[in-house]
file target.txt (compact mmCIF, C-alpha atoms)
# COMPACT_ATOMS: atom_id res chain seq x y z
CA MET R 464 -58.76 38.18 23.09
CA PHE R 465 -57.01 34.84 22.84
CA GLY R 466 -54.10 33.62 20.82
CA GLY R 467 -54.56 30.81 18.33
CA GLU R 468 -53.23 27.29 18.13
CA PHE R 469 -53.62 24.32 15.83
CA ASN R 470 -55.83 21.61 17.28
CA ASN R 471 -54.77 18.64 15.11
CA HIS R 472 -52.05 17.35 12.81
CA CYS R 473 -53.88 18.07 9.55
CA PHE R 474 -51.86 21.19 8.77
CA ALA R 475 -48.51 19.52 9.51
CA SER R 476 -47.28 16.35 11.18
CA ASN R 477 -46.14 18.30 14.27
CA ALA R 478 -48.76 21.06 14.29
CA TYR R 479 -50.85 19.90 17.26
CA ASP R 480 -50.93 22.51 20.08
CA GLU R 481 -48.50 24.77 18.22
CA ASP R 482 -49.37 28.48 18.50
CA VAL R 483 -50.35 30.25 15.28
CA PRO R 484 -48.45 33.44 14.40
CA CYS R 485 -50.27 36.45 12.97
CA ALA R 486 -49.43 37.58 9.45
CA LEU R 487 -50.62 40.38 7.20
CA CYS R 488 -49.41 40.26 3.62
CA ARG R 489 -49.46 43.15 1.18
CA THR R 490 -48.76 43.16 -2.52
CA ILE R 491 -48.15 46.38 -4.41
CA GLN R 492 -48.44 44.98 -7.92
CA ALA R 493 -51.65 42.97 -7.80
CA ILE R 494 -54.97 44.72 -8.26
CA SER R 495 -57.02 41.80 -6.95
CA VAL R 496 -56.41 39.10 -4.33
CA ILE R 497 -58.73 36.16 -3.73
CA MET R 498 -58.72 33.03 -1.60
CA ILE R 499 -60.45 30.06 -3.21
CA PRO R 500 -61.45 27.11 -0.99
CA GLY R 501 -61.46 23.61 -2.39
CA LYS R 502 -58.64 24.25 -4.89
CA ASN R 503 -54.86 24.11 -4.79
CA LYS R 504 -54.05 25.88 -8.04
CA CYS R 505 -54.95 29.17 -9.71
CA TYR R 506 -57.24 29.91 -12.58
CA ASN R 507 -55.64 30.85 -15.87
CA GLY R 508 -54.25 34.38 -15.77
CA TRP R 509 -53.89 34.43 -11.97
CA LYS R 510 -50.70 34.02 -9.93
CA ILE R 511 -50.51 31.67 -6.97
CA GLU R 512 -49.18 33.28 -3.79
CA TYR R 513 -49.49 30.19 -1.62
CA HIS R 514 -51.73 27.17 -1.10
CA GLY R 515 -52.56 24.93 1.83
CA TYR R 516 -55.53 23.77 3.89
CA LEU R 517 -58.68 25.64 4.84
CA ALA R 518 -59.05 26.29 8.58
CA SER R 519 -61.74 27.66 10.86
CA GLY R 520 -63.05 27.49 14.40
CA HIS R 521 -65.15 24.57 15.66
CA ARG R 522 -68.85 24.90 14.85
CA GLY R 523 -69.74 23.92 18.41
CA TYR R 524 -67.89 26.86 19.96
CA ALA R 525 -69.65 30.12 20.71
CA ALA R 526 -66.83 32.39 19.53
CA ALA R 527 -67.09 33.76 16.01
CA SER R 528 -64.62 32.52 13.42
CA ALA R 529 -63.74 32.96 9.78
CA TYR R 530 -62.27 30.73 7.11
CA VAL R 531 -58.55 31.23 6.58
CA CYS R 532 -56.09 29.54 4.28
CA VAL R 533 -53.19 28.01 6.23
CA ASP R 534 -49.97 27.64 4.24
CA ILE R 535 -49.01 24.09 3.28
CA ASN R 536 -45.83 24.65 5.32
CA PRO R 537 -47.15 26.51 8.37
CA GLU R 538 -44.94 28.45 10.76
CA TYR R 539 -45.24 28.44 14.54
CA ILE R 540 -44.46 30.83 17.35
CA MET R 541 -41.13 29.96 18.91
CA GLY R 542 -41.73 28.18 22.22
CA GLY R 543 -45.49 28.32 21.73
CA VAL R 544 -46.21 24.62 21.94
CA GLY R 545 -48.61 23.74 24.75
CA GLN R 546 -52.30 23.21 25.21
CA GLN R 547 -53.47 26.72 26.09
CA LEU R 548 -56.95 26.23 24.56
CA GLY R 549 -57.09 29.66 22.99
CA LYS R 550 -58.59 30.19 19.56
CA LEU R 551 -58.32 26.69 18.10
CA PHE R 552 -57.73 26.14 14.39
CA TYR R 553 -59.54 23.12 12.92
CA ASP R 554 -59.34 21.71 9.43
CA VAL R 555 -62.51 22.22 7.37
CA LEU R 556 -64.07 19.00 6.07
CA SER R 557 -66.34 18.68 3.05
CA ILE R 558 -69.90 17.52 3.77
CA CYS R 559 -71.75 16.09 0.80
CA GLY R 560 -75.23 17.37 0.02
CA SER R 561 -75.59 20.87 -1.36
CA LEU R 562 -71.81 20.57 -1.69
CA LYS R 563 -71.58 18.15 -4.60
CA CYS R 564 -69.57 14.95 -4.28
CA PRO R 565 -67.75 14.50 -6.60
CA PRO R 566 -65.71 16.60 -7.17
CA TYR R 567 -65.53 16.93 -3.37
CA ILE R 568 -64.91 13.92 -1.11
CA LYS R 569 -66.98 13.34 2.02
CA ASN R 570 -65.19 14.20 5.29
CA TYR R 571 -62.00 15.11 3.42
CA PRO R 572 -60.01 18.25 4.42
CA LEU R 573 -60.54 21.11 2.00
CA THR R 574 -57.52 22.67 0.34
CA CYS R 575 -57.25 26.36 -0.48
CA VAL R 576 -55.21 28.68 -2.65
CA VAL R 577 -54.52 32.42 -2.53
CA ASN R 578 -54.35 34.06 -5.96
CA THR R 579 -53.41 37.49 -7.26
CA VAL R 580 -53.78 39.15 -10.64
CA LYS R 581 -51.96 42.21 -11.98
CA THR R 582 -53.90 43.16 -15.10
CA ASN R 583 -57.13 45.09 -15.43
CA GLU R 584 -58.15 42.64 -18.15
CA LYS R 585 -58.58 39.73 -15.73
CA ARG R 586 -61.26 37.29 -16.76
CA LEU R 587 -64.30 36.76 -14.58
CA LEU R 588 -64.00 33.51 -12.65
CA LEU R 589 -67.48 32.50 -13.77
CA ASN R 590 -66.21 32.46 -17.35
CA ASP R 591 -63.00 30.63 -16.54
CA PRO R 592 -62.54 27.44 -18.60
CA ASP R 593 -61.95 25.38 -15.45
CA VAL R 594 -65.25 26.57 -14.01
CA LEU R 595 -67.06 25.96 -17.28
CA VAL R 596 -65.58 22.47 -17.56
CA ASN R 597 -66.66 21.66 -14.00
CA ARG R 598 -70.16 22.91 -14.72
CA LEU R 599 -70.29 20.96 -17.97
CA ASN R 600 -69.17 17.82 -16.14
CA ARG R 601 -71.89 18.34 -13.55
CA VAL R 602 -74.51 18.85 -16.27
CA GLU R 603 -73.31 15.72 -18.07
CA SER R 604 -73.47 13.79 -14.80
CA ILE R 605 -77.03 15.00 -14.16
CA VAL R 606 -78.05 14.15 -17.74
CA SER R 607 -76.51 10.69 -17.36
CA ILE R 608 -78.46 10.12 -14.15
CA LEU R 609 -81.67 11.33 -15.79
CA ASN R 610 -81.10 9.06 -18.80
CA ALA R 611 -80.51 6.09 -16.51
CA THR R 612 -83.68 6.95 -14.58
CA VAL R 613 -85.71 7.25 -17.79
CA LYS R 614 -84.31 3.93 -19.03
CA GLN R 615 -85.18 2.25 -15.74
CA LEU R 616 -88.69 3.71 -15.79
CA SER R 617 -89.13 2.59 -19.41
CA THR R 618 -88.04 -0.93 -18.47
CA GLU R 619 -90.42 -0.98 -15.52
CA ASN R 620 -93.21 0.34 -17.74
CA GLN R 621 -92.57 -2.39 -20.31
CA GLN R 622 -92.60 -5.03 -17.58
CA GLN R 623 -95.87 -3.64 -16.24
CA MET R 624 -97.35 -3.67 -19.75
CA LEU R 625 -96.30 -7.31 -20.19
CA THR R 626 -97.85 -8.16 -16.83
CA ILE R 627 -101.09 -6.40 -17.82
CA GLN R 628 -101.14 -8.20 -21.18
CA GLN R 629 -100.60 -11.55 -19.47
CA ARG R 630 -103.40 -10.81 -17.02
CA GLU R 631 -105.70 -9.76 -19.88
CA LYS R 632 -104.83 -12.98 -21.71
CA THR R 633 -105.60 -15.01 -18.58
CA ILE R 634 -108.91 -13.17 -18.13
CA ASN R 635 -109.82 -13.78 -21.78
CA GLN R 636 -109.01 -17.47 -21.39
CA GLN R 637 -111.13 -17.64 -18.25
CA GLN R 638 -114.00 -15.85 -20.00
CA THR R 639 -113.73 -18.27 -22.93
CA SER R 640 -113.77 -21.22 -20.54
CA ILE R 641 -116.81 -19.79 -18.74
CA HIS R 642 -118.59 -19.26 -22.06
CA GLN R 643 -117.82 -22.84 -23.10
CA LYS R 644 -119.16 -24.14 -19.79
CA GLN R 645 -122.30 -22.02 -20.17
CA THR R 646 -122.80 -23.41 -23.70
CA SER R 647 -122.30 -26.94 -22.41
CA ILE R 648 -124.85 -26.35 -19.63
CA GLN R 649 -127.35 -24.96 -22.12
CA GLN R 650 -126.87 -27.99 -24.36
CA HIS R 651 -127.30 -30.28 -21.38
CA ASN R 652 -130.49 -28.46 -20.35
CA THR R 653 -131.80 -28.75 -23.91
CA SER R 654 -131.08 -32.48 -23.88
CA ILE R 655 -132.91 -32.84 -20.56
CA GLN R 656 -135.90 -30.93 -21.90
CA GLN R 657 -135.99 -33.15 -24.98
CA GLN R 658 -135.87 -36.27 -22.81
CA GLN R 659 -138.66 -34.91 -20.61
CA ALA R 660 -140.79 -34.21 -23.69
CA PHE R 661 -140.14 -37.74 -24.98
CA ILE R 662 -141.11 -39.23 -21.62
CA GLN R 663 -144.33 -37.19 -21.51
CA GLN R 664 -145.17 -38.34 -25.02
CA GLN R 665 -144.59 -41.95 -23.99
CA LEU R 666 -146.84 -41.48 -20.96
CA VAL R 667 -149.61 -40.06 -23.14
CA GLU R 668 -149.37 -43.01 -25.51
CA ILE R 669 -149.49 -45.47 -22.60
CA GLN R 670 -152.58 -43.76 -21.21
CA GLN R 671 -154.29 -43.91 -24.59
CA GLN R 672 -153.52 -47.62 -24.93
CA THR R 673 -154.89 -48.25 -21.46
CA ILE R 674 -158.21 -46.59 -22.30
call {"tool": "encode", "arguments": {"input": "target.txt", "output": "structure tokens"}}
result
Amino acid sequence: MFGGEFNNHCFASNAYDEDVPCALCRTIQAISVIMIPGKNKCYNGWKIEYHGYLASGHRGYAAASAYVCVDINPEYIMGGVGQQLGKLFYDVLSICGSLKCPPYIKNYPLTCVVNTVKTNEKRLLLNDPDVLVNRLNRVESIVSILNATVKQLSTENQQQMLTIQQREKTINQQQTSIHQKQTSIQQHNTSIQQQQAFIQQQLVEIQQQTI
């Protein structure tokens, strides 16, 4: 088993290589205690015990680790500074994706808060107004994105319809031009046939006069 130490200055300006003391807190009045990552204040009806930054082990290390909430004003073991490379505490950064940004910020250290409640009539967190407001904001954001997408698709569809109409108009004009040319050719052929008939008639008359 190794001791722990902070591995950067996220938790405090002088926290690097400081050894982390162990602490076990007990409250005799609260009936429920929760740690909420990504927040620095309590829900309505809950009491804040402390807040700070979320910490955990490095994901590349083989040793198991858990998420803990480090107080905003962390304490150190007296004389514990030094790079012993025991169990290292790293700040936990938010990664956008399934974790929605906003409200989270990419590669930003996550805060945390430890809350307690004393009454049996505590409200479920899922029904908390803050949670409902966040969900409503997310739904409104999704609806806004969908509306923008629909508007863009409608605009593209209208542009495509205009393009199709212009092409149809061009095709109709070309067909009309072709029809006019065909009519002109037919008229020209008729004129040639009439001239040929006239010439043949003249030849017949000349032959008759010769006889």
call {"tool": "closest_residue", "arguments": {"input": "target.txt", "among": "R:Asp554, R:Asn620, R:Lys644, R:Asn507", "to": "R:Arg522", "atoms": "all atoms listed in the file"}}
result
R:Asp554
call {"tool": "residues_around", "arguments": {"input": "target.txt", "residues": "stretch 508-518 of chain R", "least_positions_apart": "3", "cutoff": "9 Å", "atoms": "only C-alpha atoms", "output": "ChimeraX atom specification"}}
result
/R:473-474,500-505,529-537,552-556,572-582,585-586
call {"tool": "closest_residue", "arguments": {"input": "target.txt", "among": "R:Val606, R:Val483, R:Cys564, R:Ile494", "to": "R:Leu551", "atoms": "all atoms listed in the file"}}
result
R:Val483
call {"tool": "atom_distance", "arguments": {"input": "target.txt", "atom1": "atom CA of R:Tyr571", "atom2": "atom CA of R:Cys559"}}
result
10.1 Å
call {"tool": "atom_distance", "arguments": {"input": "target.txt", "atom1": "atom CA of R:Ser640", "atom2": "atom CA of R:Thr653"}}
result
19.8 Å
call {"tool": "atom_distance", "arguments": {"input": "target.txt", "atom1": "atom CA of R:Cys488", "atom2": "atom CA of R:Ile540"}}
result
17.4 Å
